[in-house]
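Engineer: What follows is a structure written as structure tokens; I'll ask about it next.
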Amino acid sequence: MDVQIEASWKAVLKNEFTKPYFLEIVTHLKTEKAGGKTIYPPGSLIFNAFNQTHFDKVSVVLLGQDPYHNPGQAHGLSFSVPNVVKPPPSLMNIYKEIQSDIGIAMPAAYGNLTKWAEQGVLLLNAMLTVRANEPGSHQKIGWMNFTDTVIKKISDEKEGVVFLLWGRFAQDKQVLIDETKHQVLKAAHPSPLSAHNGFFGCRHFSKTNDYLVKQGKPPIDWKLLTP
């Protein structure tokens with residue numbers, strides 16, 4: 001099948017697209033759409049994280065769980081929302097930590113993280129789709145087979161990548177990462193329910209850049225300007 005995904009990723013992941021689990025994902029999504037279900041993000045944005053951050057440019061992986069499930073929020077990048085959408089609470093807490101960590105004022109009304117993606121931050125959700133208003137609804141349709149492979153490919157074929165694992169769900173992916181070659185940074189999830197349990201004060205943004213510079217890579221400019 002002809003999956004519309006950026007060429008470098010298509011080459012790295014080519015074997016996945018013909019595996020039974022992936023074909024089952026496609027069938028599941030088609031069946032739900034035919035049955036009148038609304039699925040986020042739109043089909044053209046399911047692989048947006050890969051299209052914005054080519055495989056050879058990945059220097060940071062920021063792992064989320066599944067896409068936002070409310071109308072207009074999901075656009076295929078973890079924690080990110082389109083330009084006209086107010087940043088959700090978890091993203092606002094990410095902004096607070098950036099401001100505390102590196103002193104950058106973040107825009108309270110703007111939550112599009114594409115600028116990070118363009119610099120090499122793979123904004124990867126473990127599930128790439130969700131049914132409208134049903135969080136976690138696509139957790140068991142096969143996406144985690146695919147995204148676990150993505151994480152393993154990055155670990156195996158690249159060096160000096162920072163993996164940001166926030167919350168228990170993301171931290172379960174640590175077993176896929178070779179920590180002799182990469183930096184793993186763990187903290188509580190930035191959700192308002194857990195941010196005070198170790199996300200605030202984690203200083204992951206300065207730590208990420210310190211590590212990248214030591215690897216001879218450019219640091220991430222975390223600043224976002226409202227267009």
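Chain identifiers are assigned as A, B, and so on, following the order in which chains appear in the structure tokens; residues are numbered from 1 within each chain, and ligands are numbered from 1 in order of appearance.
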Hey, what's within 7 Å of segment 136-147 of chain A if we count only C-alpha atoms and toss same-chain stuff fewer than 4 positions away? As a PyMOL selection string, please?

Structural biologist: chain A and resi 21-22+25+66+126-131+151

Engineer: Hey, can you spit out that residue selection with N, CA and C atoms as a CSV table (one decimal), in the first residue's frame?

Structural biologist:
```csv
chain,number,residue,atom,x,y,z
A,21,TYR,N,-0.4,-6.4,11.1
A,21,TYR,CA,-1.0,-5.4,12.1
A,21,TYR,C,-1.3,-4.0,11.5
A,22,PHE,N,-0.4,-3.6,10.5
A,22,PHE,CA,-0.6,-2.3,9.9
A,22,PHE,C,-1.8,-2.3,9.0
A,25,ILE,N,-4.8,-1.9,11.1
A,25,ILE,CA,-5.0,-0.5,11.4
A,25,ILE,C,-5.8,0.2,10.3
A,66,ASP,N,-1.9,9.8,23.2
A,66,ASP,CA,-2.7,9.8,22.0
A,66,ASP,C,-3.1,11.2,21.6
A,126,ALA,N,2.1,7.9,20.8
A,126,ALA,CA,2.2,6.4,20.7
A,126,ALA,C,1.0,5.9,19.9
A,127,MET,N,-0.1,6.5,20.0
A,127,MET,CA,-1.2,6.2,19.1
A,127,MET,C,-1.4,7.4,18.1
A,128,LEU,N,-1.5,7.1,16.9
A,128,LEU,CA,-1.6,8.2,15.9
A,128,LEU,C,-3.0,8.7,15.6
A,129,THR,N,-4.0,8.0,16.1
A,129,THR,CA,-5.4,8.4,15.8
A,129,THR,C,-6.2,8.2,17.1
A,130,VAL,N,-7.4,8.8,17.1
A,130,VAL,CA,-8.3,8.7,18.2
A,130,VAL,C,-9.7,9.0,17.7
A,131,ARG,N,-10.8,8.3,18.3
A,131,ARG,CA,-12.1,8.7,17.9
A,131,ARG,C,-12.5,10.0,18.7
A,151,ILE,N,10.5,4.1,17.7
A,151,ILE,CA,11.4,4.4,18.8
A,151,ILE,C,12.6,3.5,18.7
```

Engineer: Residues near Val184 of chain A, anyone? I mean within 12 Å using only C-alpha atoms, not counting same-chain ones fewer than 2 positions away, as number ranges by chain.

Structural biologist: A: 60-63, 155, 160-166, 170-182, 186-187, 204, 207-208, 211

Engineer: Got time to write the residues from that selection, N, CA and C atoms, as an mmCIF file, in the first residue's frame?

Structural biologist:
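Once written, part_22.cif looks like this:
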```cif
data_model
loop_
_atom_site.group_PDB
_atom_site.id
_atom_site.type_symbol
_atom_site.label_atom_id
_atom_site.label_comp_id
_atom_site.auth_asym_id
_atom_site.auth_seq_id
_atom_site.Cartn_x
_atom_site.Cartn_y
_atom_site.Cartn_z
ATOM 1 N N VAL A 60 15.710 14.932 19.084
ATOM 2 C CA VAL A 60 14.937 14.830 20.322
ATOM 3 C C VAL A 60 13.646 14.088 19.996
ATOM 4 N N VAL A 61 13.209 13.203 20.893
ATOM 5 C CA VAL A 61 11.903 12.559 20.763
ATOM 6 C C VAL A 61 11.068 12.946 21.977
ATOM 7 N N LEU A 62 9.946 13.611 21.735
ATOM 8 C CA LEU A 62 9.018 13.984 22.805
ATOM 9 C C LEU A 62 7.772 13.132 22.641
ATOM 10 N N LEU A 63 7.610 12.168 23.545
ATOM 11 C CA LEU A 63 6.577 11.152 23.380
ATOM 12 C C LEU A 63 5.301 11.511 24.123
ATOM 13 N N SER A 155 16.560 4.468 18.104
ATOM 14 C CA SER A 155 17.585 4.018 19.051
ATOM 15 C C SER A 155 18.695 3.238 18.348
ATOM 16 N N GLY A 160 23.059 9.736 20.021
ATOM 17 C CA GLY A 160 23.002 11.043 20.667
ATOM 18 C C GLY A 160 21.645 11.722 20.606
ATOM 19 N N VAL A 161 20.568 10.933 20.663
ATOM 20 C CA VAL A 161 19.216 11.489 20.669
ATOM 21 C C VAL A 161 18.728 11.615 22.111
ATOM 22 N N VAL A 162 18.010 12.690 22.409
ATOM 23 C CA VAL A 162 17.391 12.870 23.725
ATOM 24 C C VAL A 162 15.947 12.369 23.657
ATOM 25 N N PHE A 163 15.594 11.466 24.556
ATOM 26 C CA PHE A 163 14.225 10.972 24.663
ATOM 27 C C PHE A 163 13.588 11.578 25.915
ATOM 28 N N LEU A 164 12.528 12.345 25.722
ATOM 29 C CA LEU A 164 11.804 12.953 26.834
ATOM 30 C C LEU A 164 10.591 12.089 27.149
ATOM 31 N N LEU A 165 10.630 11.424 28.295
ATOM 32 C CA LEU A 165 9.585 10.482 28.687
ATOM 33 C C LEU A 165 8.869 11.035 29.908
ATOM 34 N N TRP A 166 7.673 11.561 29.684
ATOM 35 C CA TRP A 166 6.903 12.217 30.740
ATOM 36 C C TRP A 166 5.701 11.361 31.106
ATOM 37 N N ALA A 170 4.770 6.915 28.948
ATOM 38 C CA ALA A 170 5.960 7.168 28.130
ATOM 39 C C ALA A 170 7.170 6.427 28.686
ATOM 40 N N GLN A 171 7.282 6.378 30.010
ATOM 41 C CA GLN A 171 8.449 5.756 30.625
ATOM 42 C C GLN A 171 8.502 4.253 30.389
ATOM 43 N N ASP A 172 7.353 3.647 30.105
ATOM 44 C CA ASP A 172 7.347 2.230 29.753
ATOM 45 C C ASP A 172 8.115 1.957 28.455
ATOM 46 N N LYS A 173 8.336 3.001 27.652
ATOM 47 C CA LYS A 173 9.061 2.838 26.387
ATOM 48 C C LYS A 173 10.585 2.855 26.576
ATOM 49 N N GLN A 174 11.013 3.097 27.789
ATOM 50 C CA GLN A 174 12.459 3.168 28.055
ATOM 51 C C GLN A 174 13.181 1.887 27.645
ATOM 52 N N VAL A 175 12.489 0.744 27.737
ATOM 53 C CA VAL A 175 13.118 -0.540 27.412
ATOM 54 C C VAL A 175 13.494 -0.642 25.936
ATOM 55 N N LEU A 176 12.935 0.224 25.104
ATOM 56 C CA LEU A 176 13.219 0.201 23.668
ATOM 57 C C LEU A 176 14.465 1.007 23.305
ATOM 58 N N ILE A 177 15.034 1.713 24.274
ATOM 59 C CA ILE A 177 16.078 2.702 24.009
ATOM 60 C C ILE A 177 17.426 2.219 24.553
ATOM 61 N N ASP A 178 18.457 2.303 23.739
ATOM 62 C CA ASP A 178 19.813 1.952 24.143
ATOM 63 C C ASP A 178 20.436 3.170 24.833
ATOM 64 N N GLU A 179 20.493 3.113 26.155
ATOM 65 C CA GLU A 179 20.964 4.281 26.915
ATOM 66 C C GLU A 179 22.482 4.434 26.905
ATOM 67 N N THR A 180 23.177 3.499 26.264
ATOM 68 C CA THR A 180 24.616 3.713 26.080
ATOM 69 C C THR A 180 24.879 4.666 24.919
ATOM 70 N N LYS A 181 23.864 4.881 24.078
ATOM 71 C CA LYS A 181 24.006 5.750 22.897
ATOM 72 C C LYS A 181 23.180 7.020 22.982
ATOM 73 N N HIS A 182 22.205 7.054 23.884
ATOM 74 C CA HIS A 182 21.239 8.148 23.916
ATOM 75 C C HIS A 182 21.012 8.637 25.338
ATOM 76 N N LYS A 186 13.459 11.553 32.274
ATOM 77 C CA LYS A 186 12.131 11.152 32.738
ATOM 78 C C LYS A 186 11.600 12.145 33.766
ATOM 79 N N ALA A 187 10.292 12.335 33.721
ATOM 80 C CA ALA A 187 9.622 13.196 34.701
ATOM 81 C C ALA A 187 8.155 12.812 34.743
ATOM 82 N N HIS A 204 14.136 19.868 31.920
ATOM 83 C CA HIS A 204 14.457 19.036 30.756
ATOM 84 C C HIS A 204 14.856 19.838 29.524
ATOM 85 N N LYS A 207 18.529 20.785 30.022
ATOM 86 C CA LYS A 207 19.302 19.538 30.007
ATOM 87 C C LYS A 207 19.395 18.954 28.595
ATOM 88 N N THR A 208 18.290 19.056 27.850
ATOM 89 C CA THR A 208 18.305 18.597 26.459
ATOM 90 C C THR A 208 19.356 19.349 25.660
ATOM 91 N N TYR A 211 22.998 18.495 26.546
ATOM 92 C CA TYR A 211 23.411 17.212 25.972
ATOM 93 C C TYR A 211 23.667 17.333 24.478
#
```

Engineer: Separation of atom CA of Ala7 of chain A and atom CA of Gln52 of chain A, in Å?

Structural biologist: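 One can read the atom CA of Ala7 of chain A to atom CA of Gln52 of chain A distance as 11.5 Å.
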
Engineer: Check the DSSP output for the backbone and give back, as a list of chain:residue names, the residues of segment 32-116 of chain A in strand (DSSP E or B).

Structural biologist: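 Matching residues for strand (DSSP E or B) in segment 32-116 of chain A are A:Ile39, A:Tyr40, A:Val60, A:Val61, A:Leu62, A:Leu63, A:Gly64.
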
Engineer: Ranking A:Leu77, A:Ile94, A:Val150, A:Ala34 by minimum distance to Leu113 of chain A and counting only C-alpha atoms, which one comes first?

Structural biologist: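 That would be A:Leu77, the residue with the smallest distance to Leu113 of chain A.
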
Engineer: Got a sec to tell me which of chain A DSSP assigns to alpha helix (DSSP H), as a PDB file with C-alpha atoms, in the first residue's frame?

Structural biologist:
```
ATOM      1  CA  ALA A   7      10.667   9.623   2.082  1.00  0.00           C
ATOM      2  CA  SER A   8      13.364   9.042   4.726  1.00  0.00           C
ATOM      3  CA  TRP A   9      10.817   7.535   7.113  1.00  0.00           C
ATOM      4  CA  LYS A  10       9.246   5.521   4.320  1.00  0.00           C
ATOM      5  CA  ALA A  11      12.632   3.928   3.693  1.00  0.00           C
ATOM      6  CA  VAL A  12      13.319   3.239   7.395  1.00  0.00           C
ATOM      7  CA  PRO A  20      -0.668  -7.731   9.098  1.00  0.00           C
ATOM      8  CA  TYR A  21      -0.978  -5.408  12.118  1.00  0.00           C
ATOM      9  CA  PHE A  22      -0.576  -2.312   9.932  1.00  0.00           C
ATOM     10  CA  LEU A  23      -3.104  -3.533   7.390  1.00  0.00           C
ATOM     11  CA  GLU A  24      -5.473  -4.139  10.310  1.00  0.00           C
ATOM     12  CA  ILE A  25      -5.016  -0.522  11.443  1.00  0.00           C
ATOM     13  CA  VAL A  26      -5.971   0.698   7.971  1.00  0.00           C
ATOM     14  CA  THR A  27      -9.011  -1.590   7.850  1.00  0.00           C
ATOM     15  CA  HIS A  28     -10.097  -0.491  11.335  1.00  0.00           C
ATOM     16  CA  LEU A  29      -9.910   3.209  10.446  1.00  0.00           C
ATOM     17  CA  LYS A  30     -11.795   2.713   7.175  1.00  0.00           C
ATOM     18  CA  THR A  31     -14.499   0.709   8.947  1.00  0.00           C
ATOM     19  CA  GLU A  32     -14.974   3.350  11.645  1.00  0.00           C
ATOM     20  CA  LYS A  33     -15.170   6.153   9.096  1.00  0.00           C
ATOM     21  CA  ALA A  34     -17.653   4.183   7.004  1.00  0.00           C
ATOM     22  CA  ASN A  48       2.492  14.906  10.379  1.00  0.00           C
ATOM     23  CA  ALA A  49       5.198  14.286  13.006  1.00  0.00           C
ATOM     24  CA  PHE A  50       7.206  12.299  10.467  1.00  0.00           C
ATOM     25  CA  ASN A  51       6.618  14.764   7.654  1.00  0.00           C
ATOM     26  CA  GLN A  52       7.792  17.692   9.784  1.00  0.00           C
ATOM     27  CA  PRO A  89      -3.538  22.630  30.151  1.00  0.00           C
ATOM     28  CA  SER A  90      -0.647  20.171  29.690  1.00  0.00           C
ATOM     29  CA  LEU A  91       0.965  22.427  27.105  1.00  0.00           C
ATOM     30  CA  MET A  92       0.522  25.450  29.349  1.00  0.00           C
ATOM     31  CA  ASN A  93       2.418  23.553  32.057  1.00  0.00           C
ATOM     32  CA  ILE A  94       5.164  22.762  29.531  1.00  0.00           C
ATOM     33  CA  TYR A  95       5.356  26.498  28.837  1.00  0.00           C
ATOM     34  CA  LYS A  96       5.613  27.242  32.576  1.00  0.00           C
ATOM     35  CA  GLU A  97       8.530  24.836  32.911  1.00  0.00           C
ATOM     36  CA  ILE A  98      10.308  26.372  29.897  1.00  0.00           C
ATOM     37  CA  GLN A  99       9.908  29.828  31.417  1.00  0.00           C
ATOM     38  CA  SER A 100      11.195  28.611  34.779  1.00  0.00           C
ATOM     39  CA  ASP A 101      14.044  26.571  33.288  1.00  0.00           C
ATOM     40  CA  ILE A 102      15.484  28.866  30.631  1.00  0.00           C
ATOM     41  CA  THR A 114       5.798  22.962  14.448  1.00  0.00           C
ATOM     42  CA  LYS A 115       8.861  25.177  14.976  1.00  0.00           C
ATOM     43  CA  TRP A 116      10.251  22.571  17.382  1.00  0.00           C
ATOM     44  CA  ALA A 117       9.519  19.788  14.897  1.00  0.00           C
ATOM     45  CA  GLU A 118      11.366  21.619  12.138  1.00  0.00           C
ATOM     46  CA  TRP A 143      -0.561   1.762  16.582  1.00  0.00           C
ATOM     47  CA  MET A 144       1.776   0.912  19.433  1.00  0.00           C
ATOM     48  CA  ASN A 145       3.364  -1.847  17.348  1.00  0.00           C
ATOM     49  CA  PHE A 146       4.160   0.845  14.806  1.00  0.00           C
ATOM     50  CA  THR A 147       5.381   3.577  17.158  1.00  0.00           C
ATOM     51  CA  ASP A 148       7.407   1.114  19.267  1.00  0.00           C
ATOM     52  CA  THR A 149       9.194   0.212  16.023  1.00  0.00           C
ATOM     53  CA  VAL A 150       9.778   3.920  15.355  1.00  0.00           C
ATOM     54  CA  ILE A 151      11.390   4.377  18.777  1.00  0.00           C
ATOM     55  CA  LYS A 152      13.518   1.237  18.323  1.00  0.00           C
ATOM     56  CA  LYS A 153      14.651   2.327  14.847  1.00  0.00           C
ATOM     57  CA  ILE A 154      15.740   5.701  16.183  1.00  0.00           C
ATOM     58  CA  SER A 155      17.585   4.018  19.051  1.00  0.00           C
ATOM     59  CA  ASP A 156      19.278   1.451  16.809  1.00  0.00           C
ATOM     60  CA  GLU A 157      20.169   3.585  13.803  1.00  0.00           C
ATOM     61  CA  ARG A 168       4.386   6.326  33.335  1.00  0.00           C
ATOM     62  CA  PHE A 169       3.018   5.520  29.897  1.00  0.00           C
ATOM     63  CA  ALA A 170       5.960   7.168  28.130  1.00  0.00           C
ATOM     64  CA  GLN A 171       8.449   5.756  30.625  1.00  0.00           C
ATOM     65  CA  HIS A 204      14.457  19.036  30.756  1.00  0.00           C
ATOM     66  CA  PHE A 205      14.727  21.855  28.239  1.00  0.00           C
ATOM     67  CA  SER A 206      18.114  23.119  29.404  1.00  0.00           C
ATOM     68  CA  LYS A 207      19.302  19.538  30.007  1.00  0.00           C
ATOM     69  CA  THR A 208      18.305  18.597  26.459  1.00  0.00           C
ATOM     70  CA  ASN A 209      20.292  21.463  24.983  1.00  0.00           C
ATOM     71  CA  ASP A 210      23.312  20.809  27.216  1.00  0.00           C
ATOM     72  CA  TYR A 211      23.411  17.212  25.972  1.00  0.00           C
ATOM     73  CA  LEU A 212      22.930  18.150  22.309  1.00  0.00           C
ATOM     74  CA  VAL A 213      25.759  20.696  22.462  1.00  0.00           C
ATOM     75  CA  LYS A 214      28.045  18.077  24.027  1.00  0.00           C
TER      76      LYS A 214
END
```

Engineer: Skip Gly198 of chain A itself and residues of its chain fewer than 3 positions away, then list as a PDB file with N, CA and C atoms, in the first residue's frame all residues within 7 Å of it, counting only C-alpha atoms.

Structural biologist:
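out_33.pdb written:
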```pdb
ATOM      1  N   ALA A 187      10.292  12.335  33.721  1.00  0.00           N
ATOM      2  CA  ALA A 187       9.622  13.196  34.701  1.00  0.00           C
ATOM      3  C   ALA A 187       8.155  12.812  34.743  1.00  0.00           C
ATOM      4  N   ALA A 188       7.421  13.393  35.697  1.00  0.00           N
ATOM      5  CA  ALA A 188       5.977  13.233  35.724  1.00  0.00           C
ATOM      6  C   ALA A 188       5.370  13.852  34.470  1.00  0.00           C
ATOM      7  N   ALA A 195       1.636  17.346  37.253  1.00  0.00           N
ATOM      8  CA  ALA A 195       2.806  18.201  36.990  1.00  0.00           C
ATOM      9  C   ALA A 195       3.574  18.552  38.260  1.00  0.00           C
ATOM     10  N   GLY A 201      10.174  21.799  37.601  1.00  0.00           N
ATOM     11  CA  GLY A 201      11.519  21.721  38.156  1.00  0.00           C
ATOM     12  C   GLY A 201      12.403  20.662  37.532  1.00  0.00           C
ATOM     13  N   CYS A 202      11.890  19.931  36.526  1.00  0.00           N
ATOM     14  CA  CYS A 202      12.698  18.866  35.904  1.00  0.00           C
ATOM     15  C   CYS A 202      13.829  19.431  35.040  1.00  0.00           C
TER      16      CYS A 202
END
```

Engineer: So how far away is atom CA of Pro71 of chain A from atom CA of Asn83 of chain A, in Å?

Structural biologist: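 So the answer is 13.7 Å.
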
Engineer: Please, what distance in Å, to one decimal, runs between atom CA of Ile46 of chain A and atom CA of Leu122 of chain A?

Structural biologist: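 Going from atom CA of Ile46 of chain A over to atom CA of Leu122 of chain A, I get 13.7 Å.
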
Engineer: Need the shell around Ala109 of chain A: protein/DNA/RNA residues with any atom at most 8 Å away, counting only C-alpha atoms. Skip same-chain ones fewer than 3 positions apart. Format as a PyMOL selection string?

Structural biologist: chain A and resi 85-87+226
